[in-house]
$ cat query-v5.cif   # mmCIF, C-alpha atoms
data_coords
#
loop_
_atom_site.group_PDB
_atom_site.id
_atom_site.type_symbol
_atom_site.label_atom_id
_atom_site.label_comp_id
_atom_site.auth_asym_id
_atom_site.auth_seq_id
_atom_site.Cartn_x
_atom_site.Cartn_y
_atom_site.Cartn_z
ATOM 1 C CA MET A 1 -66.642 -18.861 -79.488
ATOM 2 C CA ARG A 2 -69.416 -20.438 -81.494
ATOM 3 C CA LEU A 3 -70.281 -19.065 -84.933
ATOM 4 C CA ILE A 4 -72.670 -20.551 -87.478
ATOM 5 C CA GLY A 5 -70.942 -23.765 -88.553
ATOM 6 C CA ALA A 6 -67.535 -22.515 -87.621
ATOM 7 C CA TYR A 7 -65.254 -21.811 -84.706
ATOM 8 C CA VAL A 8 -62.727 -19.171 -84.023
ATOM 9 C CA ASN A 9 -59.739 -19.934 -81.857
ATOM 10 C CA ILE A 10 -57.214 -17.511 -80.473
ATOM 11 C CA LYS A 11 -54.993 -17.961 -83.503
ATOM 12 C CA GLY A 12 -57.694 -17.115 -86.005
ATOM 13 C CA ALA A 13 -60.536 -18.577 -88.020
ATOM 14 C CA PHE A 14 -60.946 -22.353 -88.084
ATOM 15 C CA GLU A 15 -63.818 -24.083 -89.785
ATOM 16 C CA VAL A 16 -65.100 -27.295 -88.268
ATOM 17 C CA PRO A 17 -65.946 -29.907 -90.920
ATOM 18 C CA ARG A 18 -69.616 -30.418 -91.675
ATOM 19 C CA GLY A 19 -71.183 -33.673 -90.490
ATOM 20 C CA LYS A 20 -69.554 -35.754 -87.804
ATOM 21 C CA VAL A 21 -66.266 -34.406 -86.634
ATOM 22 C CA LYS A 22 -63.059 -36.482 -86.539
ATOM 23 C CA LEU A 23 -61.240 -35.137 -83.531
ATOM 24 C CA ASP A 24 -57.519 -35.391 -82.823
ATOM 25 C CA LEU A 25 -57.742 -34.828 -79.099
ATOM 26 C CA MET A 26 -54.681 -33.383 -77.396
ATOM 27 C CA GLY A 27 -52.933 -33.534 -80.745
ATOM 28 C CA GLY A 28 -50.309 -30.960 -79.828
ATOM 29 C CA ASP A 29 -49.673 -27.779 -81.757
ATOM 30 C CA LYS A 30 -51.216 -29.265 -84.894
ATOM 31 C CA SER A 31 -52.779 -32.572 -85.874
ATOM 32 C CA LYS A 32 -50.435 -35.201 -87.204
ATOM 33 C CA LEU A 33 -53.291 -37.420 -88.369
ATOM 34 C CA GLY A 34 -53.685 -35.791 -91.755
ATOM 35 C CA PRO A 35 -56.467 -34.026 -93.649
ATOM 36 C CA GLY A 36 -59.956 -34.170 -92.226
ATOM 37 C CA TRP A 37 -58.918 -34.215 -88.586
ATOM 38 C CA THR A 38 -59.676 -31.384 -86.215
ATOM 39 C CA ASN A 39 -56.991 -30.747 -83.650
ATOM 40 C CA PHE A 40 -58.052 -29.871 -80.107
ATOM 41 C CA ASP A 41 -55.282 -29.035 -77.692
ATOM 42 C CA ILE A 42 -54.610 -26.497 -74.993
ATOM 43 C CA SER A 43 -51.511 -25.453 -76.932
ATOM 44 C CA ALA A 44 -52.877 -25.822 -80.466
ATOM 45 C CA THR A 45 -51.585 -23.414 -83.077
ATOM 46 C CA GLU A 46 -53.856 -25.083 -85.639
ATOM 47 C CA GLY A 47 -57.307 -26.196 -84.594
ATOM 48 C CA ILE A 48 -59.185 -25.448 -81.412
ATOM 49 C CA THR A 49 -57.140 -24.092 -78.552
ATOM 50 C CA ASP A 50 -58.730 -24.976 -75.259
ATOM 51 C CA ASP A 51 -58.685 -27.296 -72.276
ATOM 52 C CA VAL A 52 -60.212 -30.727 -72.812
ATOM 53 C CA ALA A 53 -62.644 -30.029 -69.992
ATOM 54 C CA SER A 54 -64.190 -27.395 -72.268
ATOM 55 C CA LEU A 55 -65.039 -29.768 -75.137
ATOM 56 C CA GLY A 56 -68.738 -29.203 -74.484
ATOM 57 C CA LYS A 57 -68.346 -25.491 -75.214
ATOM 58 C CA HIS A 58 -67.188 -26.251 -78.747
ATOM 59 C CA PHE A 59 -69.332 -29.199 -79.822
ATOM 60 C CA GLU A 60 -73.002 -30.042 -79.682
ATOM 61 C CA PRO A 61 -74.154 -33.358 -78.181
ATOM 62 C CA GLY A 62 -73.374 -36.157 -80.652
ATOM 63 C CA GLU A 63 -71.399 -33.890 -82.970
ATOM 64 C CA LEU A 64 -68.214 -35.963 -82.810
ATOM 65 C CA GLY A 65 -67.993 -39.220 -84.790
ATOM 66 C CA VAL A 66 -64.456 -40.400 -84.138
ATOM 67 C CA VAL A 67 -61.925 -39.367 -81.530
ATOM 68 C CA VAL A 68 -58.236 -40.259 -81.420
ATOM 69 C CA ALA A 69 -56.040 -39.414 -78.456
ATOM 70 C CA ASN A 70 -52.369 -40.295 -78.683
ATOM 71 C CA ASP A 71 -50.507 -40.093 -75.378
ATOM 72 C CA PRO A 72 -53.259 -38.191 -73.547
ATOM 73 C CA ARG A 73 -51.963 -35.904 -70.811
ATOM 74 C CA ALA A 74 -55.243 -35.332 -68.984
ATOM 75 C CA GLU A 75 -58.470 -37.131 -68.110
ATOM 76 C CA PHE A 76 -60.858 -36.707 -70.987
ATOM 77 C CA LEU A 77 -63.336 -39.541 -71.453
ATOM 78 C CA GLN A 78 -66.005 -37.926 -69.265
ATOM 79 C CA HIS A 79 -65.805 -34.832 -71.457
ATOM 80 C CA VAL A 80 -65.884 -36.751 -74.752
ATOM 81 C CA GLY A 81 -68.906 -38.878 -73.884
ATOM 82 C CA PRO A 82 -71.552 -36.135 -74.081
ATOM 83 C CA VAL A 83 -70.401 -34.809 -77.453
ATOM 84 C CA LEU A 84 -69.683 -38.151 -79.154
ATOM 85 C CA GLU A 85 -72.441 -39.747 -81.196
ATOM 86 C CA GLN A 86 -73.853 -43.073 -79.993
ATOM 87 C CA GLY A 87 -71.650 -45.811 -81.477
ATOM 88 C CA GLY A 88 -68.826 -43.345 -82.043
ATOM 89 C CA THR A 89 -65.349 -44.574 -81.260
ATOM 90 C CA VAL A 90 -62.472 -43.350 -79.166
ATOM 91 C CA THR A 91 -59.023 -44.749 -79.992
ATOM 92 C CA VAL A 92 -56.326 -44.110 -77.430
ATOM 93 C CA ARG A 93 -52.659 -44.995 -77.744
ATOM 94 C CA GLY A 94 -50.088 -44.662 -75.043
ATOM 95 C CA ASN A 95 -47.559 -46.139 -72.688
ATOM 96 C CA MET A 96 -48.472 -47.583 -69.301
ATOM 97 C CA SER A 97 -46.252 -45.037 -67.536
ATOM 98 C CA ASN A 98 -48.821 -42.450 -68.659
ATOM 99 C CA LYS A 99 -51.348 -42.441 -65.818
ATOM 100 C CA PHE A 100 -54.182 -41.251 -68.041
ATOM 101 C CA PHE A 101 -53.605 -44.034 -70.546
ATOM 102 C CA LYS A 102 -53.236 -46.572 -67.752
ATOM 103 C CA GLN A 103 -56.586 -45.474 -66.254
ATOM 104 C CA LEU A 104 -58.266 -46.192 -69.580
ATOM 105 C CA TRP A 105 -56.457 -49.483 -70.133
ATOM 106 C CA GLU A 106 -57.526 -50.669 -66.692
ATOM 107 C CA GLY A 107 -61.102 -49.411 -67.129
ATOM 108 C CA LYS A 108 -60.784 -46.904 -64.284
ATOM 109 C CA ALA A 109 -61.004 -43.628 -66.182
ATOM 110 C CA PRO A 110 -63.874 -41.293 -65.276
ATOM 111 C CA GLY A 111 -66.614 -41.736 -67.880
ATOM 112 C CA PHE A 112 -65.501 -45.258 -68.806
ATOM 113 C CA GLU A 113 -68.895 -46.701 -67.828
ATOM 114 C CA GLY A 114 -70.421 -45.025 -70.873
ATOM 115 C CA PHE A 115 -68.271 -47.047 -73.253
ATOM 116 C CA GLU A 116 -67.608 -50.627 -74.231
ATOM 117 C CA VAL A 117 -64.175 -51.929 -75.157
ATOM 118 C CA VAL A 118 -63.875 -52.854 -78.831
ATOM 119 C CA ASN A 119 -60.321 -54.116 -78.456
ATOM 120 C CA ARG A 120 -57.050 -53.750 -76.619
ATOM 121 C CA THR A 121 -53.784 -54.249 -78.512
ATOM 122 C CA GLU A 122 -50.351 -54.302 -76.932
ATOM 123 C CA ASN A 123 -47.216 -53.218 -78.757
ATOM 124 C CA VAL A 124 -48.665 -51.314 -81.692
ATOM 125 C CA PRO A 125 -46.264 -49.438 -84.015
ATOM 126 C CA ASN A 126 -44.755 -46.271 -82.617
ATOM 127 C CA LEU A 127 -45.724 -43.631 -85.168
ATOM 128 C CA GLY A 128 -43.185 -41.105 -83.972
ATOM 129 C CA TYR A 129 -44.669 -40.367 -80.572
ATOM 130 C CA THR A 130 -42.640 -38.054 -78.374
ATOM 131 C CA GLN A 131 -42.472 -37.129 -74.714
ATOM 132 C CA THR A 132 -41.793 -33.914 -72.815
ATOM 133 C CA GLY A 133 -43.419 -31.808 -75.493
ATOM 134 C CA GLY A 134 -41.365 -33.315 -78.304
ATOM 135 C CA VAL A 135 -37.956 -33.286 -76.625
ATOM 136 C CA LYS A 136 -37.408 -37.054 -76.864
ATOM 137 C CA ALA A 137 -38.882 -39.991 -78.751
ATOM 138 C CA VAL A 138 -40.899 -42.421 -76.664
ATOM 139 C CA GLN A 139 -38.706 -45.419 -75.855
ATOM 140 C CA GLY A 140 -41.372 -47.598 -74.293
ATOM 141 C CA GLN A 141 -44.019 -49.839 -75.738
ATOM 142 C CA ILE A 142 -47.165 -48.269 -77.144
ATOM 143 C CA SER A 143 -50.497 -49.994 -76.635
ATOM 144 C CA GLU A 144 -53.904 -49.146 -78.075
ATOM 145 C CA ILE A 145 -57.433 -49.356 -76.734
ATOM 146 C CA VAL A 146 -60.513 -48.742 -78.842
ATOM 147 C CA LEU A 147 -63.774 -47.801 -77.108
ATOM 148 C CA LYS A 148 -67.287 -47.426 -78.480
ATOM 149 C CA LYS A 149 -69.932 -45.232 -76.917
ATOM 150 C CA LYS A 150 -72.851 -47.300 -75.641
ATOM 151 C CA MET B 1 -40.054 -32.167 -48.731
ATOM 152 C CA GLU B 2 -37.523 -34.897 -48.006
ATOM 153 C CA GLN B 3 -39.945 -37.182 -46.161
ATOM 154 C CA PRO B 4 -40.891 -40.360 -48.041
ATOM 155 C CA ILE B 5 -44.440 -40.354 -49.396
ATOM 156 C CA PHE B 6 -46.098 -43.758 -49.396
ATOM 157 C CA GLU B 7 -49.514 -42.626 -50.591
ATOM 158 C CA CYS B 8 -50.611 -42.633 -54.221
ATOM 159 C CA VAL B 9 -47.464 -44.098 -55.772
ATOM 160 C CA GLU B 10 -49.743 -45.582 -58.415
ATOM 161 C CA GLU B 11 -50.822 -42.047 -59.348
ATOM 162 C CA THR B 12 -47.274 -41.078 -60.281
ATOM 163 C CA ASP B 13 -46.904 -40.330 -63.981
ATOM 164 C CA SER B 14 -43.430 -41.074 -65.336
ATOM 165 C CA PHE B 15 -44.235 -40.809 -69.038
ATOM 166 C CA ASP B 16 -42.448 -37.465 -69.449
ATOM 167 C CA SER B 17 -39.697 -38.332 -66.979
ATOM 168 C CA PHE B 18 -35.999 -39.016 -67.348
ATOM 169 C CA TYR B 19 -33.994 -41.579 -65.417
ATOM 170 C CA ALA B 20 -30.577 -43.237 -65.309
ATOM 171 C CA ASN B 21 -28.364 -45.355 -63.047
ATOM 172 C CA VAL B 22 -31.200 -47.529 -61.795
ATOM 173 C CA TYR B 23 -30.318 -49.673 -58.810
ATOM 174 C CA PHE B 24 -31.857 -53.060 -58.207
ATOM 175 C CA ASP B 25 -31.122 -56.310 -56.458
ATOM 176 C CA LYS B 26 -33.327 -59.287 -55.603
ATOM 177 C CA THR B 27 -35.556 -57.297 -53.247
ATOM 178 C CA THR B 28 -35.070 -53.587 -53.913
ATOM 179 C CA LEU B 29 -35.441 -51.251 -56.878
ATOM 180 C CA VAL B 30 -34.514 -47.572 -56.772
ATOM 181 C CA ILE B 31 -35.124 -45.312 -59.779
ATOM 182 C CA PRO B 32 -33.675 -41.778 -59.716
ATOM 183 C CA TYR B 33 -36.138 -39.608 -61.617
ATOM 184 C CA ILE B 34 -36.264 -36.137 -63.103
ATOM 185 C CA ASN B 35 -39.638 -34.621 -64.050
ATOM 186 C CA LEU B 36 -42.057 -37.028 -62.430
ATOM 187 C CA GLY B 37 -45.657 -35.945 -62.998
ATOM 188 C CA LEU B 38 -47.860 -35.726 -59.909
ATOM 189 C CA GLY B 39 -51.613 -35.298 -59.741
ATOM 190 C CA ASP B 40 -54.190 -36.652 -57.271
ATOM 191 C CA HIS B 41 -51.184 -36.873 -54.981
ATOM 192 C CA PRO B 42 -50.281 -35.448 -51.564
ATOM 193 C CA LEU B 43 -47.785 -33.083 -53.208
ATOM 194 C CA ASN B 44 -50.357 -31.962 -55.771
ATOM 195 C CA PRO B 45 -53.992 -32.799 -55.034
ATOM 196 C CA GLY B 46 -55.165 -31.266 -58.309
ATOM 197 C CA LYS B 47 -55.942 -33.192 -61.489
ATOM 198 C CA ARG B 48 -53.547 -31.275 -63.704
ATOM 199 C CA LEU B 49 -50.050 -32.722 -63.477
ATOM 200 C CA ARG B 50 -47.270 -30.789 -61.807
ATOM 201 C CA PHE B 51 -43.696 -31.891 -62.216
ATOM 202 C CA LEU B 52 -41.044 -32.691 -59.630
ATOM 203 C CA ASP B 53 -37.482 -31.877 -60.596
ATOM 204 C CA PHE B 54 -35.448 -34.492 -58.703
ATOM 205 C CA ALA B 55 -36.749 -37.494 -56.773
ATOM 206 C CA TYR B 56 -36.376 -41.222 -56.214
ATOM 207 C CA VAL B 57 -39.008 -43.900 -56.442
ATOM 208 C CA VAL B 58 -38.236 -46.836 -54.177
ATOM 209 C CA PHE B 59 -39.737 -50.315 -54.369
ATOM 210 C CA LEU B 60 -39.098 -52.726 -51.498
ATOM 211 C CA GLY B 61 -39.896 -56.410 -51.222
ATOM 212 C CA LEU B 62 -39.855 -57.025 -54.956
ATOM 213 C CA HIS B 63 -41.663 -60.138 -56.043
ATOM 214 C CA TYR B 64 -42.045 -59.237 -59.700
ATOM 215 C CA LEU B 65 -39.975 -57.095 -62.007
ATOM 216 C CA LYS B 66 -40.372 -57.024 -65.752
ATOM 217 C CA VAL B 67 -38.757 -54.668 -68.209
ATOM 218 C CA ARG B 68 -39.068 -54.556 -71.960
ATOM 219 C CA LYS B 69 -36.346 -57.154 -72.501
ATOM 220 C CA GLY B 70 -38.024 -59.653 -70.210
ATOM 221 C CA VAL B 71 -38.883 -60.749 -66.683
ATOM 222 C CA LEU B 72 -36.038 -60.145 -64.239
ATOM 223 C CA ILE B 73 -37.699 -61.256 -60.999
ATOM 224 C CA GLY B 74 -40.651 -63.523 -60.226
ATOM 225 C CA GLY B 75 -43.820 -63.946 -62.249
ATOM 226 C CA ARG B 76 -46.824 -61.789 -62.925
ATOM 227 C CA GLU B 77 -49.406 -64.353 -61.873
ATOM 228 C CA LEU B 78 -48.422 -63.986 -58.207
ATOM 229 C CA ALA B 79 -47.436 -60.334 -58.367
ATOM 230 C CA GLY B 80 -50.655 -58.733 -57.145
ATOM 231 C CA PRO B 81 -51.271 -55.111 -58.148
ATOM 232 C CA ILE B 82 -48.764 -53.926 -60.741
ATOM 233 C CA LEU B 83 -47.055 -50.549 -60.726
ATOM 234 C CA TYR B 84 -46.006 -49.199 -64.107
ATOM 235 C CA PHE B 85 -43.080 -46.849 -64.495
ATOM 236 C CA GLY B 86 -41.205 -45.634 -67.540
ATOM 237 C CA GLY B 87 -39.965 -42.455 -69.114
ATOM 238 C CA PHE B 88 -36.757 -41.811 -71.011
ATOM 239 C CA ASN B 89 -33.754 -43.882 -69.956
ATOM 240 C CA MET B 90 -30.645 -41.705 -70.292
ATOM 241 C CA ASP B 91 -28.222 -44.603 -69.882
ATOM 242 C CA LEU B 92 -26.123 -45.399 -72.932
ATOM 243 C CA PRO B 93 -27.226 -47.732 -74.311
ATOM 244 C CA PRO B 94 -30.662 -47.593 -72.688
ATOM 245 C CA ASP B 95 -31.153 -50.892 -70.945
ATOM 246 C CA LEU B 96 -34.069 -50.898 -68.506
ATOM 247 C CA ILE B 97 -37.263 -49.656 -70.187
ATOM 248 C CA ASP B 98 -40.936 -50.035 -69.214
ATOM 249 C CA PHE B 99 -40.922 -51.255 -65.633
ATOM 250 C CA GLU B 100 -43.732 -53.543 -64.443
ATOM 251 C CA ILE B 101 -43.336 -53.941 -60.714
ATOM 252 C CA GLY B 102 -44.930 -56.054 -58.041
ATOM 253 C CA CYS B 103 -43.675 -55.282 -54.554
ATOM 254 C CA GLU B 104 -44.599 -55.066 -50.896
ATOM 255 C CA THR B 105 -43.965 -51.349 -50.452
ATOM 256 C CA ALA B 106 -43.271 -48.413 -52.724
ATOM 257 C CA TYR B 107 -42.700 -44.772 -52.007
ATOM 258 C CA LEU B 108 -41.656 -41.478 -53.504
ATOM 259 C CA GLN B 109 -38.593 -39.876 -51.962
ATOM 260 C CA PRO B 110 -38.115 -36.243 -53.012
ATOM 261 C CA ARG B 111 -34.901 -34.422 -52.208
ATOM 262 C CA ARG B 112 -34.893 -31.838 -49.433
ATOM 263 C CA ASN B 113 -34.880 -29.015 -51.972
ATOM 264 C CA SER B 114 -37.022 -30.620 -54.690
ATOM 265 C CA ARG B 115 -39.205 -28.237 -56.677
ATOM 266 C CA LEU B 116 -42.640 -28.652 -58.240
ATOM 267 C CA SER B 117 -43.465 -26.871 -61.487
ATOM 268 C CA ASP B 118 -46.477 -26.535 -63.761
ATOM 269 C CA THR B 119 -44.133 -27.127 -66.688
ATOM 270 C CA PHE B 120 -41.589 -29.779 -67.591
ATOM 271 C CA TRP B 121 -38.108 -30.041 -66.177
ATOM 272 C CA VAL B 122 -35.896 -30.804 -69.148
ATOM 273 C CA PRO B 123 -32.444 -32.231 -68.363
ATOM 274 C CA VAL B 124 -31.264 -32.947 -71.917
ATOM 275 C CA GLU B 125 -29.914 -30.894 -74.781
ATOM 276 C CA SER B 126 -32.899 -29.055 -76.225
ATOM 277 C CA PRO B 127 -34.165 -25.502 -76.604
ATOM 278 C CA ALA B 128 -36.448 -26.348 -73.671
ATOM 279 C CA ARG B 129 -33.584 -27.380 -71.393
ATOM 280 C CA ASN B 130 -33.965 -25.808 -67.946
ATOM 281 C CA LEU B 131 -31.784 -27.991 -65.727
ATOM 282 C CA ASP B 132 -28.069 -27.520 -65.415
ATOM 283 C CA GLU B 133 -26.009 -30.296 -66.982
ATOM 284 C CA GLU B 134 -23.698 -30.588 -63.997
ATOM 285 C CA GLU B 135 -26.564 -30.780 -61.510
ATOM 286 C CA VAL B 136 -28.213 -33.494 -63.591
ATOM 287 C CA SER B 137 -24.984 -35.450 -63.807
ATOM 288 C CA GLU B 138 -24.400 -35.184 -60.059
ATOM 289 C CA PHE B 139 -27.937 -36.317 -59.340
ATOM 290 C CA PHE B 140 -27.603 -39.453 -61.412
ATOM 291 C CA LEU B 141 -24.168 -40.141 -59.929
ATOM 292 C CA GLY B 142 -25.767 -40.017 -56.491
ATOM 293 C CA HIS B 143 -23.826 -37.014 -55.181
ATOM 294 C CA SER B 144 -26.870 -35.439 -53.577
ATOM 295 C CA MET B 145 -28.574 -38.676 -52.591
ATOM 296 C CA PRO B 146 -30.530 -38.654 -49.297
ATOM 297 C CA GLU B 147 -28.885 -40.850 -46.683
ATOM 298 C CA SER B 148 -31.894 -43.175 -46.549
ATOM 299 C CA ILE B 149 -31.526 -43.895 -50.266
ATOM 300 C CA ARG B 150 -27.776 -44.265 -49.958
ATOM 301 C CA GLN B 151 -28.255 -46.956 -47.345
ATOM 302 C CA LEU B 152 -30.578 -48.880 -49.648
ATOM 303 C CA VAL B 153 -28.239 -48.903 -52.612
ATOM 304 C CA ARG B 154 -25.198 -49.739 -50.476
ATOM 305 C CA LYS B 155 -26.669 -52.996 -49.187
#
$ encode --input "query-v5.cif" --output "structure tokens"
Amino acid sequence: MRLIGAYVNIKGAFEVPRGKVKLDLMGGDKSKLGPGWTNFDISATEGITDDVASLGKHFEPGELGVVVANDPRAEFLQHVGPVLEQGGTVTVRGNMSNKFFKQLWEGKAPGFEGFEVVNRTENVPNLGYTQTGGVKAVQGQISEIVLKKK
Amino acid sequence: MEQPIFECVEETDSFDSFYANVYFDKTTLVIPYINLGLGDHPLNPGKRLRFLDFAYVVFLGLHYLKVRKGVLIGGRELAGPILYFGGFNMDLPPDLIDFEIGCETAYLQPRRNSRLSDTFWVPVESPARNLDEEEVSEFFLGHSMPESIRQLVRK
């Protein structure tokens, strides 16, 4: 539901920061990235509660400046592209057993053609990532890919 | 559902899965899995993952196998397309983590009574647990193993 400069999610009022938005995509119930990040997750209790395929309902073209997706659990790049500013970055961290991360790492994700790879880094620090909705800590190696919108 | 499924093994998502008692020799790898995620797959053609409670993933004709602690079989340069599998290893201590696999054939082998769910199957102590401890233990001990899998791990 779009209001003037603000959004309302099912849990209540949530104001989107002015200027370019820093989006914690699929960040879970609430963002773990700290102040200034807007959480967007289908199960968000803080932030915007919706499916990633509906990103375009919440943001104008070019409204996002930076997107981070840790352990994404759905395809998303084709939905981010239209609402990310030109030159905006998408940083994705995950394990290769995660098919959505693997698609990105291998350059096969839908929407990938609209981005260039800034870098790929294997074995980045595990910042407390969990699996199965937080039941267990991720045992495997975490890698990171950074993309920039062409 | 007990028929082996050779299509779309590379589309299997094991990130949220649990496994234990992995079997492998020089040519064969069998991973018993709980909570494999399937999407773009014959059992779930949709994009959104659905989760299989109990199943095996079988890799035959291994020519490359790497886990986190190192390469166990072959070398990556001759491996061809790589399959990636992982999840949470319930062995104590966890030994085999982050599988990189090159092989001739791979397939998913559900059990006859395997179930698909829109939500996770959780086999460990947690408020979200929804699989019986005894059933989980029996699965990993191979008590309900399909005969075709039993023949592979008996070789």
$ resolve_selection --input "query-v5.cif" --expression "the PyMOL selection byres ((chain A) within 10 of (chain B))" --output "mmCIF file with C-alpha atoms, in the coordinates of the input"
data_model
loop_
_atom_site.group_PDB
_atom_site.id
_atom_site.type_symbol
_atom_site.label_atom_id
_atom_site.label_comp_id
_atom_site.auth_asym_id
_atom_site.auth_seq_id
_atom_site.Cartn_x
_atom_site.Cartn_y
_atom_site.Cartn_z
ATOM 1 C CA ASP A 71 -50.507 -40.093 -75.378
ATOM 2 C CA ARG A 73 -51.963 -35.904 -70.811
ATOM 3 C CA ALA A 74 -55.243 -35.332 -68.984
ATOM 4 C CA GLU A 75 -58.470 -37.131 -68.110
ATOM 5 C CA GLY A 94 -50.088 -44.662 -75.043
ATOM 6 C CA ASN A 95 -47.559 -46.139 -72.688
ATOM 7 C CA MET A 96 -48.472 -47.583 -69.301
ATOM 8 C CA SER A 97 -46.252 -45.037 -67.536
ATOM 9 C CA ASN A 98 -48.821 -42.450 -68.659
ATOM 10 C CA LYS A 99 -51.348 -42.441 -65.818
ATOM 11 C CA PHE A 100 -54.182 -41.251 -68.041
ATOM 12 C CA LYS A 102 -53.236 -46.572 -67.752
ATOM 13 C CA GLN A 103 -56.586 -45.474 -66.254
ATOM 14 C CA THR A 130 -42.640 -38.054 -78.374
ATOM 15 C CA GLN A 131 -42.472 -37.129 -74.714
ATOM 16 C CA THR A 132 -41.793 -33.914 -72.815
ATOM 17 C CA GLY A 133 -43.419 -31.808 -75.493
ATOM 18 C CA GLY A 134 -41.365 -33.315 -78.304
ATOM 19 C CA VAL A 135 -37.956 -33.286 -76.625
ATOM 20 C CA LYS A 136 -37.408 -37.054 -76.864
ATOM 21 C CA ALA A 137 -38.882 -39.991 -78.751
ATOM 22 C CA VAL A 138 -40.899 -42.421 -76.664
ATOM 23 C CA GLN A 139 -38.706 -45.419 -75.855
ATOM 24 C CA GLY A 140 -41.372 -47.598 -74.293
ATOM 25 C CA GLN A 141 -44.019 -49.839 -75.738
#
$ closest_residue --input "query-v5.cif" --among "B:Tyr33, B:Tyr64, B:Phe59, B:Phe24" --to "Val136 in chain B" --atoms "only C-alpha atoms"
B:Tyr33
$ residues_around --input "query-v5.cif" --residues "Gly61 in chain B" --least-positions-apart "6" --cutoff "9 Å" --atoms "only C-alpha atoms" --output "tab-separated table (two decimals) with C-alpha atoms, in the frame of the given file"
chain	number	residue	atom	x	y	z
B	26	LYS	CA	-33.33	-59.29	-55.60
B	27	THR	CA	-35.56	-57.30	-53.25
B	28	THR	CA	-35.07	-53.59	-53.91
B	29	LEU	CA	-35.44	-51.25	-56.88
B	102	GLY	CA	-44.93	-56.05	-58.04
B	103	CYS	CA	-43.68	-55.28	-54.55
B	104	GLU	CA	-44.60	-55.07	-50.90
B	105	THR	CA	-43.96	-51.35	-50.45
B	106	ALA	CA	-43.27	-48.41	-52.72
$ atom_distance --input "query-v5.cif" --atom1 "CA of Tyr23 in chain B" --atom2 "CA of Val153 in chain B"
6.6 Å
$ residues_around --input "query-v5.cif" --residues "Pro82 in chain A" --least-positions-apart "5" --cutoff "8 Å" --atoms "only C-alpha atoms" --output "PyMOL selection string"
chain A and resi 56+61-62
$ axis_aligned_box --input "query-v5.cif" --around "range 99-106 of chain B" --padding-each-side "6 Å" --output "lines of an AutoDock Vina configuration file"
center_x = -42.9
center_y = -52.2
center_z = -58.0
size_x = 16.0
size_y = 19.6
size_z = 27.2
$ atom_distance --input "query-v5.cif" --atom1 "CA of Gln86 in chain A" --atom2 "CA of Lys148 in chain A"
8.0 Å
$ closest_residue --input "query-v5.cif" --among "A:Val118, A:Trp37, A:Gly47, A:Val52" --to "Trp105 in chain A" --atoms "only C-alpha atoms"
A:Val118
$ atom_distance --input "query-v5.cif" --atom1 "CA of Pro110 in chain B" --atom2 "CA of Phe6 in chain B"
11.5 Å
$ resolve_selection --input "query-v5.cif" --expression "the PyMOL selection byres ((chain B and resi 32) around 6)" --output "list in words"
Tyr19, Ile31, Tyr33 and Tyr56 of chain B
$ write_last_selection --input "query-v5.cif" --atoms "C-alpha atoms" --output "CSV table (one decimal), keeping the file's coordinate frame"
chain,number,residue,atom,x,y,z
B,19,TYR,CA,-34.0,-41.6,-65.4
B,31,ILE,CA,-35.1,-45.3,-59.8
B,33,TYR,CA,-36.1,-39.6,-61.6
B,56,TYR,CA,-36.4,-41.2,-56.2
$ closest_residue --input "query-v5.cif" --among "A:Glu122, A:Asp41, A:Glu144, A:Glu116" --to "Leu23 in chain A" --atoms "all atoms listed in the file"
A:Asp41
$ closest_residue --input "query-v5.cif" --among "A:Asn70, A:Thr89, A:Thr38, A:Gln78" --to "Ser143 in chain A" --atoms "all atoms listed in the file"
A:Asn70
$ residues_around --input "query-v5.cif" --residues "range 27-29 of chain A" --least-positions-apart "3" --cutoff "6 Å" --atoms "only C-alpha atoms" --output "MDAnalysis selection string"
chainID A and resid 24 39 41 43:45
$ closest_residue --input "query-v5.cif" --among "B:Arg112, B:Asp40, B:Cys8, B:Glu134" --to "Glu147 in chain B" --atoms "all atoms listed in the file"
B:Arg112
$ build_atoms --input "query-v5.cif" --residues "range 76-83 of chain B" --atoms "N, CA and C atoms" --output "PDB file, in the frame of the given file"
ATOM      1  N   ARG B  76     -45.701 -62.712 -63.050  1.00  0.00           N
ATOM      2  CA  ARG B  76     -46.824 -61.789 -62.925  1.00  0.00           C
ATOM      3  C   ARG B  76     -48.033 -62.417 -62.227  1.00  0.00           C
ATOM      4  N   GLU B  77     -48.186 -63.721 -62.385  1.00  0.00           N
ATOM      5  CA  GLU B  77     -49.406 -64.353 -61.873  1.00  0.00           C
ATOM      6  C   GLU B  77     -49.519 -64.224 -60.350  1.00  0.00           C
ATOM      7  N   LEU B  78     -48.398 -64.110 -59.658  1.00  0.00           N
ATOM      8  CA  LEU B  78     -48.422 -63.986 -58.207  1.00  0.00           C
ATOM      9  C   LEU B  78     -48.049 -62.578 -57.747  1.00  0.00           C
ATOM     10  N   ALA B  79     -47.998 -61.656 -58.687  1.00  0.00           N
ATOM     11  CA  ALA B  79     -47.436 -60.334 -58.367  1.00  0.00           C
ATOM     12  C   ALA B  79     -48.410 -59.427 -57.633  1.00  0.00           C
ATOM     13  N   GLY B  80     -49.701 -59.671 -57.736  1.00  0.00           N
ATOM     14  CA  GLY B  80     -50.655 -58.733 -57.145  1.00  0.00           C
ATOM     15  C   GLY B  80     -50.745 -57.483 -57.991  1.00  0.00           C
ATOM     16  N   PRO B  81     -51.156 -56.360 -57.379  1.00  0.00           N
ATOM     17  CA  PRO B  81     -51.271 -55.111 -58.148  1.00  0.00           C
ATOM     18  C   PRO B  81     -49.930 -54.710 -58.766  1.00  0.00           C
ATOM     19  N   ILE B  82     -49.991 -54.283 -60.016  1.00  0.00           N
ATOM     20  CA  ILE B  82     -48.764 -53.926 -60.741  1.00  0.00           C
ATOM     21  C   ILE B  82     -48.610 -52.404 -60.775  1.00  0.00           C
ATOM     22  N   LEU B  83     -47.402 -51.957 -60.536  1.00  0.00           N
ATOM     23  CA  LEU B  83     -47.055 -50.549 -60.726  1.00  0.00           C
ATOM     24  C   LEU B  83     -46.302 -50.420 -62.046  1.00  0.00           C
TER      25      LEU B  83
END
